[in-house]
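Participant: Got a structure for you, final-v5.cif, holding mmCIF, C-alpha atoms and all ligand atoms.
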```
data_final
loop_
_atom_site.group_PDB
_atom_site.id
_atom_site.type_symbol
_atom_site.label_atom_id
_atom_site.label_comp_id
_atom_site.auth_asym_id
_atom_site.auth_seq_id
_atom_site.Cartn_x
_atom_site.Cartn_y
_atom_site.Cartn_z
ATOM 1 C CA MET A 1 79.938 292.474 198.307
ATOM 2 C CA THR A 2 79.500 295.774 200.136
ATOM 3 C CA HIS A 3 81.558 296.001 203.286
ATOM 4 C CA VAL A 4 79.484 297.091 206.317
ATOM 5 C CA SER A 5 81.543 298.140 209.325
ATOM 6 C CA PRO A 6 80.577 296.748 212.757
ATOM 7 C CA ALA A 7 79.895 300.325 213.938
ATOM 8 C CA ARG A 8 77.388 300.875 211.093
ATOM 9 C CA LYS A 9 75.696 297.518 211.764
ATOM 10 C CA GLN A 10 75.300 298.606 215.379
ATOM 11 C CA SER A 11 73.754 301.948 214.414
ATOM 12 C CA GLU A 12 71.319 300.319 211.960
ATOM 13 C CA LYS A 13 69.970 298.230 214.807
ATOM 14 C CA ALA A 14 69.887 300.931 217.478
ATOM 15 C CA LEU A 15 66.406 301.522 218.861
ATOM 16 C CA TYR A 16 67.069 305.270 218.950
ATOM 17 C CA GLY A 17 69.187 306.687 216.133
ATOM 18 C CA GLY A 18 69.078 303.450 214.152
ATOM 19 C CA THR A 19 68.602 303.609 210.408
ATOM 20 C CA GLY A 20 66.120 300.729 210.134
ATOM 21 C CA SER A 21 62.658 301.819 209.000
ATOM 22 C CA ARG A 22 60.529 298.742 209.714
ATOM 23 C CA ARG A 23 58.355 298.700 212.826
ATOM 24 C CA ILE A 24 60.179 297.965 216.100
ATOM 25 C CA THR A 25 59.238 294.641 217.695
ATOM 26 C CA VAL A 26 59.708 293.092 221.111
ATOM 27 C CA ARG A 27 62.685 291.149 219.692
ATOM 28 C CA ASP A 28 64.422 294.490 219.066
ATOM 29 C CA ILE A 29 63.773 295.417 222.709
ATOM 30 C CA ALA A 30 65.356 292.153 223.870
ATOM 31 C CA ALA A 31 68.373 292.724 221.602
ATOM 32 C CA ALA A 32 68.831 296.239 223.010
ATOM 33 C CA LYS A 33 69.025 294.793 226.549
ATOM 34 C CA GLU A 34 71.765 292.434 225.377
ATOM 35 C CA ARG A 35 73.695 295.381 223.885
ATOM 36 C CA ALA A 36 73.080 297.397 227.102
ATOM 37 C CA GLU A 37 71.560 300.097 224.887
ATOM 38 C CA LYS A 38 69.376 302.636 226.681
ATOM 39 C CA TRP A 39 66.205 303.813 224.950
ATOM 40 C CA PRO A 40 63.445 306.415 225.341
ATOM 41 C CA MET A 41 59.680 305.895 225.490
ATOM 42 C CA LEU A 42 56.948 308.554 225.456
ATOM 43 C CA THR A 43 53.206 308.458 225.805
ATOM 44 C CA ALA A 44 51.024 309.516 222.855
ATOM 45 C CA TYR A 45 47.259 309.869 222.557
ATOM 46 C CA ASP A 46 46.620 311.054 218.981
ATOM 47 C CA ALA A 47 47.914 310.513 215.462
ATOM 48 C CA MET A 48 49.485 313.952 214.958
ATOM 49 C CA THR A 49 51.565 314.006 218.132
ATOM 50 C CA ALA A 50 52.496 310.359 217.605
ATOM 51 C CA SER A 51 53.795 311.152 214.111
ATOM 52 C CA VAL A 52 56.033 313.893 215.561
ATOM 53 C CA PHE A 53 57.526 311.457 218.082
ATOM 54 C CA ASP A 54 57.833 308.681 215.488
ATOM 55 C CA GLN A 55 59.696 311.000 213.110
ATOM 56 C CA ALA A 56 61.903 312.100 216.035
ATOM 57 C CA GLY A 57 62.931 308.441 216.352
ATOM 58 C CA ILE A 58 61.227 307.532 219.626
ATOM 59 C CA PRO A 59 61.137 303.733 219.312
ATOM 60 C CA VAL A 60 58.298 302.908 221.715
ATOM 61 C CA LEU A 61 55.078 304.883 222.196
ATOM 62 C CA LEU A 62 52.702 304.075 225.030
ATOM 63 C CA VAL A 63 49.026 304.896 224.641
ATOM 64 C CA GLY A 64 48.905 305.180 228.415
ATOM 65 C CA ASP A 65 45.810 305.359 230.549
ATOM 66 C CA SER A 66 47.440 308.634 231.659
ATOM 67 C CA MET A 67 45.187 309.840 228.810
ATOM 68 C CA GLY A 68 42.641 310.120 231.642
ATOM 69 C CA ASN A 69 44.470 313.034 233.264
ATOM 70 C CA CYS A 70 46.339 314.393 230.234
ATOM 71 C CA HIS A 71 43.881 314.172 227.396
ATOM 72 C CA LEU A 72 40.353 313.386 228.549
ATOM 73 C CA GLY A 73 40.005 315.708 231.551
ATOM 74 C CA TYR A 74 39.497 313.054 234.256
ATOM 75 C CA GLU A 75 41.073 313.442 237.691
ATOM 76 C CA SER A 76 42.905 310.119 237.532
ATOM 77 C CA THR A 77 43.385 307.103 235.268
ATOM 78 C CA VAL A 78 40.589 305.177 236.998
ATOM 79 C CA PRO A 79 37.627 306.243 234.781
ATOM 80 C CA VAL A 80 39.408 305.460 231.476
ATOM 81 C CA THR A 81 37.513 302.862 229.416
ATOM 82 C CA MET A 82 38.454 300.212 226.860
ATOM 83 C CA ASP A 83 36.596 302.168 224.152
ATOM 84 C CA GLU A 84 38.758 305.226 224.862
ATOM 85 C CA VAL A 85 42.029 303.294 224.829
ATOM 86 C CA ALA A 86 41.021 301.427 221.645
ATOM 87 C CA LEU A 87 40.070 304.637 219.817
ATOM 88 C CA LEU A 88 43.246 306.535 220.751
ATOM 89 C CA SER A 89 45.521 303.510 220.223
ATOM 90 C CA ALA A 90 44.211 303.135 216.668
ATOM 91 C CA ALA A 91 44.964 306.824 216.048
ATOM 92 C CA VAL A 92 48.532 306.440 217.369
ATOM 93 C CA VAL A 93 49.121 303.362 215.209
ATOM 94 C CA ARG A 94 47.847 305.283 212.148
ATOM 95 C CA GLY A 95 50.200 308.172 212.939
ATOM 96 C CA THR A 96 53.332 306.025 213.137
ATOM 97 C CA ARG A 97 55.460 303.866 210.845
ATOM 98 C CA ARG A 98 58.367 302.724 213.012
ATOM 99 C CA ALA A 99 57.477 302.903 216.711
ATOM 100 C CA LEU A 100 56.276 299.898 218.661
ATOM 101 C CA VAL A 101 52.879 301.047 219.927
ATOM 102 C CA VAL A 102 51.882 299.707 223.338
ATOM 103 C CA GLY A 103 48.213 299.966 224.365
ATOM 104 C CA ASP A 104 47.467 300.283 228.086
ATOM 105 C CA LEU A 105 44.788 298.060 229.598
ATOM 106 C CA PRO A 106 42.660 300.406 231.730
ATOM 107 C CA PHE A 107 41.360 299.815 235.253
ATOM 108 C CA GLY A 108 38.688 297.119 235.281
ATOM 109 C CA SER A 109 39.706 295.554 231.970
ATOM 110 C CA TYR A 110 41.912 292.718 233.333
ATOM 111 C CA GLN A 111 41.492 292.486 237.124
ATOM 112 C CA GLU A 112 38.711 289.852 236.857
ATOM 113 C CA GLY A 113 41.191 287.326 235.515
ATOM 114 C CA PRO A 114 43.181 286.023 232.564
ATOM 115 C CA VAL A 115 40.171 285.465 230.287
ATOM 116 C CA GLN A 116 38.954 289.054 230.695
ATOM 117 C CA ALA A 117 42.515 290.280 230.114
ATOM 118 C CA LEU A 118 42.798 288.203 226.942
ATOM 119 C CA ARG A 119 39.462 289.451 225.589
ATOM 120 C CA ASN A 120 40.428 293.105 226.065
ATOM 121 C CA ALA A 121 44.052 292.768 224.969
ATOM 122 C CA THR A 122 42.884 290.950 221.818
ATOM 123 C CA ARG A 123 40.602 293.897 221.083
ATOM 124 C CA LEU A 124 43.545 296.329 221.231
ATOM 125 C CA VAL A 125 45.631 294.126 218.945
ATOM 126 C CA LYS A 126 42.857 293.455 216.400
ATOM 127 C CA GLU A 127 40.937 296.762 216.405
ATOM 128 C CA ALA A 128 43.728 299.228 217.101
ATOM 129 C CA GLY A 129 46.709 297.338 215.709
ATOM 130 C CA VAL A 130 48.982 297.749 218.750
ATOM 131 C CA GLY A 131 52.132 295.623 218.902
ATOM 132 C CA ALA A 132 51.914 295.014 222.656
ATOM 133 C CA VAL A 133 49.795 295.800 225.697
ATOM 134 C CA LYS A 134 50.659 297.020 229.187
ATOM 135 C CA LEU A 135 48.986 296.165 232.458
ATOM 136 C CA GLU A 136 49.650 296.998 236.101
ATOM 137 C CA GLY A 137 50.652 294.604 238.861
ATOM 138 C CA GLY A 138 53.427 292.148 239.645
ATOM 139 C CA GLU A 139 52.629 288.800 241.297
ATOM 140 C CA ARG A 140 48.935 289.709 241.311
ATOM 141 C CA SER A 141 48.836 289.997 237.493
ATOM 142 C CA ALA A 142 51.138 287.086 236.626
ATOM 143 C CA HIS A 143 48.329 284.757 235.475
ATOM 144 C CA GLN A 144 46.974 287.429 233.150
ATOM 145 C CA ILE A 145 50.429 288.055 231.661
ATOM 146 C CA GLU A 146 51.012 284.328 231.192
ATOM 147 C CA LEU A 147 47.813 283.788 229.193
ATOM 148 C CA LEU A 148 48.347 286.867 227.004
ATOM 149 C CA VAL A 149 51.918 285.851 226.189
ATOM 150 C CA GLN A 150 50.873 282.236 225.493
ATOM 151 C CA SER A 151 48.228 283.663 223.159
ATOM 152 C CA GLY A 152 50.799 285.653 221.194
ATOM 153 C CA ILE A 153 50.301 289.091 222.736
ATOM 154 C CA PRO A 154 53.493 290.740 224.020
ATOM 155 C CA VAL A 155 53.081 292.278 227.471
ATOM 156 C CA MET A 156 54.815 295.179 229.184
ATOM 157 C CA ALA A 157 54.272 294.895 232.937
ATOM 158 C CA HIS A 158 54.102 297.824 235.369
ATOM 159 C CA ILE A 159 55.157 297.621 239.027
ATOM 160 C CA GLY A 160 56.120 299.986 241.851
ATOM 161 C CA LEU A 161 53.546 302.771 241.902
ATOM 162 C CA THR A 162 50.529 301.555 239.936
ATOM 163 C CA PRO A 163 48.312 304.626 239.448
ATOM 164 C CA GLN A 164 45.124 302.593 238.911
ATOM 165 C CA SER A 165 45.331 301.835 242.674
ATOM 166 C CA VAL A 166 45.280 305.539 243.621
ATOM 167 C CA ASN A 167 42.168 305.034 245.770
ATOM 168 C CA ALA A 168 43.876 302.273 247.746
ATOM 169 C CA TYR A 169 47.144 304.243 248.151
ATOM 170 C CA GLY A 170 45.322 307.497 248.990
ATOM 171 C CA GLY A 171 47.760 309.361 246.699
ATOM 172 C CA TYR A 172 50.897 308.621 244.704
ATOM 173 C CA PRO A 173 53.555 307.590 247.268
ATOM 174 C CA VAL A 174 57.064 306.338 246.430
ATOM 175 C CA GLN A 175 57.072 302.508 246.539
ATOM 176 C CA GLY A 176 59.659 299.942 247.608
ATOM 177 C CA ARG A 177 60.957 301.846 250.631
ATOM 178 C CA GLY A 178 62.053 299.610 253.519
ATOM 179 C CA GLU A 179 63.262 296.012 253.417
ATOM 180 C CA GLU A 180 59.878 294.315 253.157
ATOM 181 C CA ALA A 181 58.598 296.579 250.361
ATOM 182 C CA ALA A 182 61.892 296.227 248.476
ATOM 183 C CA GLN A 183 61.687 292.419 248.687
ATOM 184 C CA GLN A 184 58.092 292.557 247.374
ATOM 185 C CA LEU A 185 59.193 294.703 244.428
ATOM 186 C CA LEU A 186 61.951 292.205 243.600
ATOM 187 C CA ARG A 187 59.403 289.360 243.785
ATOM 188 C CA ASP A 188 57.011 291.315 241.526
ATOM 189 C CA ALA A 189 59.775 291.931 238.979
ATOM 190 C CA LYS A 190 60.741 288.242 238.921
ATOM 191 C CA ALA A 191 57.073 287.190 238.673
ATOM 192 C CA VAL A 192 56.363 289.300 235.578
ATOM 193 C CA GLN A 193 59.568 288.137 233.901
ATOM 194 C CA ASP A 194 58.724 284.500 234.653
ATOM 195 C CA ALA A 195 55.206 285.056 233.298
ATOM 196 C CA GLY A 196 56.737 286.148 229.980
ATOM 197 C CA ALA A 197 56.592 289.971 229.984
ATOM 198 C CA PHE A 198 59.099 291.517 227.540
ATOM 199 C CA ALA A 199 59.634 294.645 229.669
ATOM 200 C CA VAL A 200 58.522 296.124 232.960
ATOM 201 C CA VAL A 201 57.804 299.719 233.931
ATOM 202 C CA LEU A 202 59.213 300.668 237.353
ATOM 203 C CA GLU A 203 57.321 303.696 238.613
ATOM 204 C CA LEU A 204 58.352 305.823 241.595
ATOM 205 C CA VAL A 205 60.832 303.504 243.270
ATOM 206 C CA PRO A 206 64.192 304.354 244.864
ATOM 207 C CA ALA A 207 66.994 304.563 242.295
ATOM 208 C CA GLU A 208 69.145 301.961 244.079
ATOM 209 C CA LEU A 209 66.307 299.436 244.099
ATOM 210 C CA ALA A 210 65.508 300.086 240.411
ATOM 211 C CA ALA A 211 69.203 299.506 239.622
ATOM 212 C CA GLU A 212 69.113 296.198 241.507
ATOM 213 C CA VAL A 213 65.953 295.098 239.656
ATOM 214 C CA THR A 214 67.526 296.085 236.313
ATOM 215 C CA ARG A 215 70.666 294.054 237.078
ATOM 216 C CA SER A 216 68.649 291.041 238.200
ATOM 217 C CA LEU A 217 66.317 290.830 235.158
ATOM 218 C CA GLN A 218 66.911 289.618 231.619
ATOM 219 C CA ILE A 219 64.011 291.770 230.362
ATOM 220 C CA ALA A 220 64.138 295.557 229.953
ATOM 221 C CA THR A 221 63.195 297.881 232.800
ATOM 222 C CA VAL A 222 61.520 301.178 231.873
ATOM 223 C CA GLY A 223 61.909 303.762 234.614
ATOM 224 C CA ILE A 224 59.686 306.679 235.544
ATOM 225 C CA GLY A 225 60.844 308.300 238.757
ATOM 226 C CA ALA A 226 63.138 305.304 239.206
ATOM 227 C CA GLY A 227 66.619 306.794 238.775
ATOM 228 C CA PRO A 228 69.148 306.613 235.939
ATOM 229 C CA ASP A 229 70.015 302.909 235.858
ATOM 230 C CA CYS A 230 66.927 301.470 234.156
ATOM 231 C CA ASP A 231 67.309 300.188 230.590
ATOM 232 C CA ALA A 232 64.784 302.741 229.296
ATOM 233 C CA GLN A 233 63.069 305.896 230.534
ATOM 234 C CA VAL A 234 59.466 306.922 229.934
ATOM 235 C CA LEU A 235 57.739 310.262 230.448
ATOM 236 C CA VAL A 236 54.178 311.392 229.889
ATOM 237 C CA TRP A 237 54.575 313.585 226.796
ATOM 238 C CA THR A 238 52.588 316.536 228.150
ATOM 239 C CA ASP A 239 54.980 316.683 231.155
ATOM 240 C CA MET A 240 58.065 316.253 228.960
ATOM 241 C CA ALA A 241 57.004 319.099 226.642
ATOM 242 C CA GLY A 242 55.782 321.576 229.265
ATOM 243 C CA MET A 243 52.132 321.243 228.240
ATOM 244 C CA THR A 244 50.812 320.171 231.649
ATOM 245 C CA GLU A 245 49.083 322.829 233.730
ATOM 246 C CA GLY A 246 50.484 323.456 237.219
ATOM 247 C CA ARG A 247 53.031 321.388 239.101
ATOM 248 C CA VAL A 248 54.598 318.276 237.622
ATOM 249 C CA PRO A 249 56.222 315.496 239.683
ATOM 250 C CA ARG A 250 59.836 316.057 240.782
ATOM 251 C CA PHE A 251 61.178 313.332 238.482
ATOM 252 C CA VAL A 252 59.911 315.161 235.366
ATOM 253 C CA LYS A 253 62.271 317.170 233.181
ATOM 254 C CA SER A 254 60.475 319.552 230.793
ATOM 255 C CA TYR A 255 62.203 319.914 227.423
ATOM 256 C CA ALA A 256 59.919 322.636 226.000
ATOM 257 C CA GLN A 257 57.283 325.126 227.161
ATOM 258 C CA LEU A 258 54.445 324.208 224.792
ATOM 259 C CA ARG A 259 51.666 325.408 227.095
ATOM 260 C CA GLN A 260 53.104 328.926 227.104
ATOM 261 C CA GLY A 261 53.832 328.826 223.345
ATOM 262 C CA LEU A 262 50.371 327.576 222.401
ATOM 263 C CA GLY A 263 48.659 330.099 224.666
ATOM 264 C CA ASP A 264 50.762 332.891 223.114
ATOM 265 C CA ALA A 265 49.774 331.721 219.604
ATOM 266 C CA ALA A 266 46.072 331.648 220.545
ATOM 267 C CA ARG A 267 46.274 335.167 222.040
ATOM 268 C CA ALA A 268 48.120 336.524 218.975
ATOM 269 C CA PHE A 269 45.449 335.020 216.667
ATOM 270 C CA ALA A 270 42.648 336.489 218.812
ATOM 271 C CA GLU A 271 44.218 339.954 218.775
ATOM 272 C CA ASP A 272 44.666 339.849 214.991
ATOM 273 C CA VAL A 273 41.008 338.876 214.539
ATOM 274 C CA VAL A 274 39.710 341.511 216.951
ATOM 275 C CA GLY A 275 42.024 344.188 215.504
ATOM 276 C CA GLY A 276 41.295 343.294 211.862
ATOM 277 C CA ALA A 277 44.873 342.223 211.012
ATOM 278 C CA TYR A 278 43.772 338.694 210.123
ATOM 279 C CA PRO A 279 42.896 337.676 207.467
ATOM 280 C CA ALA A 280 45.183 339.944 205.401
ATOM 281 C CA GLU A 281 45.218 340.288 201.623
ATOM 282 C CA GLU A 282 47.448 337.183 201.178
ATOM 283 C CA HIS A 283 44.951 335.014 203.057
ATOM 284 C CA SER A 284 41.974 336.146 200.948
ATOM 285 C CA PHE A 285 40.470 334.930 197.642
ATOM 286 C CA HIS A 286 38.934 337.160 194.975
HETATM 287 O O1 LIG B 1 49.676 305.537 231.585
HETATM 288 C C1 LIG B 1 50.862 305.889 231.493
HETATM 289 O O2 LIG B 1 51.210 306.881 230.864
HETATM 290 C C2 LIG B 1 51.863 305.073 232.178
HETATM 291 C C3 LIG B 1 53.271 305.564 232.170
HETATM 292 C C4 LIG B 1 53.429 306.669 233.111
HETATM 293 C C5 LIG B 1 54.233 304.474 232.412
HETATM 294 O O3 LIG B 1 51.535 304.082 232.717
#
```
Take the structure in this file and express it as structure tokens.
Ligand code: KIV

Facilitator:
Amino acid sequence: MTHVSPARKQSEKALYGGTGSRRITVRDIAAAKERAEKWPMLTAYDAMTASVFDQAGIPVLLVGDSMGNCHLGYESTVPVTMDEVALLSAAVVRGTRRALVVGDLPFGSYQEGPVQALRNATRLVKEAGVGAVKLEGGERSAHQIELLVQSGIPVMAHIGLTPQSVNAYGGYPVQGRGEEAAQQLLRDAKAVQDAGAFAVVLELVPAELAAEVTRSLQIATVGIGAGPDCDAQVLVWTDMAGMTEGRVPRFVKSYAQLRQGLGDAARAFAEDVVGGAYPAEEHSFH
């Protein structure tokens, strides 16, 4: 019998850096919480970018409704439709082999109640092939989460700043500041866990409060602008890679300057075409 050291067993299982090649499931996410293993999540909106992240070992990809701002040219996530999320989720699933793909339920696709949520979440699972869905709201979305989970659809919840409510907030303010707001966030976190969510995104909340939520939950917390103590961290990929035009939120760290690089490539191509340097002999057929 081949001897496998405990250290190797651990690395096989790791969500990031693990050697396993089958698709990540929500059970792997639960096991990572037990091991206190931190993990990364990125958004993705197309097959090609998703395949880059999948091959880089990112274990969870979110087809976020941030596609509204980052991919579809809307001013917010509010106009995003089910058809758009279904189309792009299917592309991300096709571009990946290992990542757990989470499809985001857009504004208006679950607020009417659990039955509407189930109909739309089922569509993402059946048509697009996602392994889980995400929806916004804590106590207010608990009934929706409960029915989806009972129906066999894993749910990632999303509390703190919920961008689909931008018109009610009048912007994107930090949430959970002050005793009352902090208590509400803790109640929201408990409500989504009790409803059966396997993880919860904490967006734009004070780091100390996010740490308290993370300690108090058995499910994974995924922070964005929520300090270093969450179980996982998520960034919108266009922010993470320096593709976004203009200012990005303060919590973003950019790991590349793709916007500059892509613009430079386009200008170099244009100059070659205008100056006659492209196509050269090696690009031509005779
Ligand atoms: O839509 C999205 O990309 C999100 C993440 C920012 C968590 O909800």

Participant: Could you please extract the residues within 10 Å of ligand LIG 1 (chain B), counting all atoms listed in the file, and hand them back as a PyMOL selection string?

Facilitator: chain A and resi 41-45+61-70+77+103-106+134-136+156-159+161-164+200-204+222-225+233-237

Participant: Which residues fall under the PyMOL selection byres (((chain A and resi 88) around 12) and not hetatm) in this file, as a PyMOL selection string?

Facilitator: chain A and resi 43-50+62-68+71-72+80-87+89-95+101-104+124+127-130

Participant: I'd like the neighbourhood of Gln111 (chain A) as a compact mmCIF listing (two decimals) with C-alpha atoms, in the coordinates of the input, where a residue qualifies if any of its atoms comes within 12 Å (using all atoms listed in the file), though same-chain residues fewer than 4 positions away should be ignored.

Facilitator:
```txt
# COMPACT_ATOMS: atom_id res chain seq x y z
CA LEU A 105 44.79 298.06 229.60
CA PRO A 106 42.66 300.41 231.73
CA PHE A 107 41.36 299.82 235.25
CA VAL A 115 40.17 285.46 230.29
CA GLN A 116 38.95 289.05 230.70
CA ALA A 117 42.52 290.28 230.11
CA LEU A 118 42.80 288.20 226.94
CA ASN A 120 40.43 293.10 226.06
CA LEU A 135 48.99 296.17 232.46
CA GLU A 136 49.65 297.00 236.10
CA GLY A 137 50.65 294.60 238.86
CA ARG A 140 48.94 289.71 241.31
CA SER A 141 48.84 290.00 237.49
CA ALA A 142 51.14 287.09 236.63
CA HIS A 143 48.33 284.76 235.48
CA GLN A 144 46.97 287.43 233.15
CA ILE A 145 50.43 288.06 231.66
CA GLN A 164 45.12 302.59 238.91
CA SER A 165 45.33 301.83 242.67
```

Participant: Write out as a VMD selection string the residues lying within 9 Å of Arg177 (chain A), counting all atoms listed in the file and excluding same-chain residues fewer than 6 positions away.

Facilitator: chain A and resid 205 to 206 209

Participant: Pick the closest to Gly176 (chain A) from A:Glu12, A:Asp28, A:Asp194, A:Asp188: which is it, counting all atoms listed in the file?

Facilitator: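 The closest residue to Gly176 (chain A) is A:Asp188.
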
Participant: Just how far from CA of Ala56 (chain A) is CA of Gly73 (chain A), in Å to one decimal?

Facilitator: 27.1 Å

Participant: Which residues match the PyMOL selection byres (((chain A and resi 31) around 12) and not hetatm) in the file above, as a PyMOL selection string?

Facilitator: chain A and resi 10+13-15+24-30+32-39+198+218-220+231

Participant: Quick one: residues within 8 Å of Pro154 (chain A), only C-alpha atoms, excluding same-chain residues fewer than 5 positions away - as an mmCIF file with C-alpha atoms, keeping the file's coordinate frame?

Facilitator:
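The resulting selection15.cif:
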```
data_model
loop_
_atom_site.group_PDB
_atom_site.id
_atom_site.type_symbol
_atom_site.label_atom_id
_atom_site.label_comp_id
_atom_site.auth_asym_id
_atom_site.auth_seq_id
_atom_site.Cartn_x
_atom_site.Cartn_y
_atom_site.Cartn_z
ATOM 1 C CA VAL A 26 59.708 293.092 221.111
ATOM 2 C CA GLY A 131 52.132 295.623 218.902
ATOM 3 C CA ALA A 132 51.914 295.014 222.656
ATOM 4 C CA VAL A 133 49.795 295.800 225.697
ATOM 5 C CA LEU A 148 48.347 286.867 227.004
ATOM 6 C CA VAL A 149 51.918 285.851 226.189
ATOM 7 C CA ALA A 197 56.592 289.971 229.984
ATOM 8 C CA PHE A 198 59.099 291.517 227.540
#
```

Participant: How far is it from CA of Gln183 (chain A) to CA of Tyr110 (chain A), in Å with one decimal?

Facilitator: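 These two atoms are separated by 25.0 Å.
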
Participant: When you draw a straight line from CA of Glu245 (chain A) to CA of Gly171 (chain A), how long is it in Å?

Facilitator: 18.7 Å

Participant: Please write as a PyMOL selection string the full residue list that the PyMOL selection byres (((chain A and resi 210) around 9) and not hetatm) yields on this file.

Facilitator: chain A and resi 202+205-209+211-215+221+223+226-230

Participant: Tell me, as a PyMOL selection string, which residues lie within 8 Å of region 53-55 of chain A, counting all atoms listed in the file; anything in the same chain fewer than 4 positions away does not count.

Facilitator: chain A and resi 42+49+59+96-99

Participant: Hey, can I get the axis-aligned box for region 47-56 of chain A? All listed atoms, 4 Å padding on each side, centre and edge lengths in Å to one decimal, as JSON.

Facilitator:
```
{"center_x": 54.9, "center_y": 311.3, "center_z": 215.6, "size_x": 22.0, "size_y": 13.3, "size_z": 13.0}
```

Participant: Can you pull out the residues contacting region 259-274 of chain A? Cut-off 8 Å, using only C-alpha atoms, and skip same-chain residues under 6 positions away; I want them as number ranges by chain.

Facilitator: A: 242-245
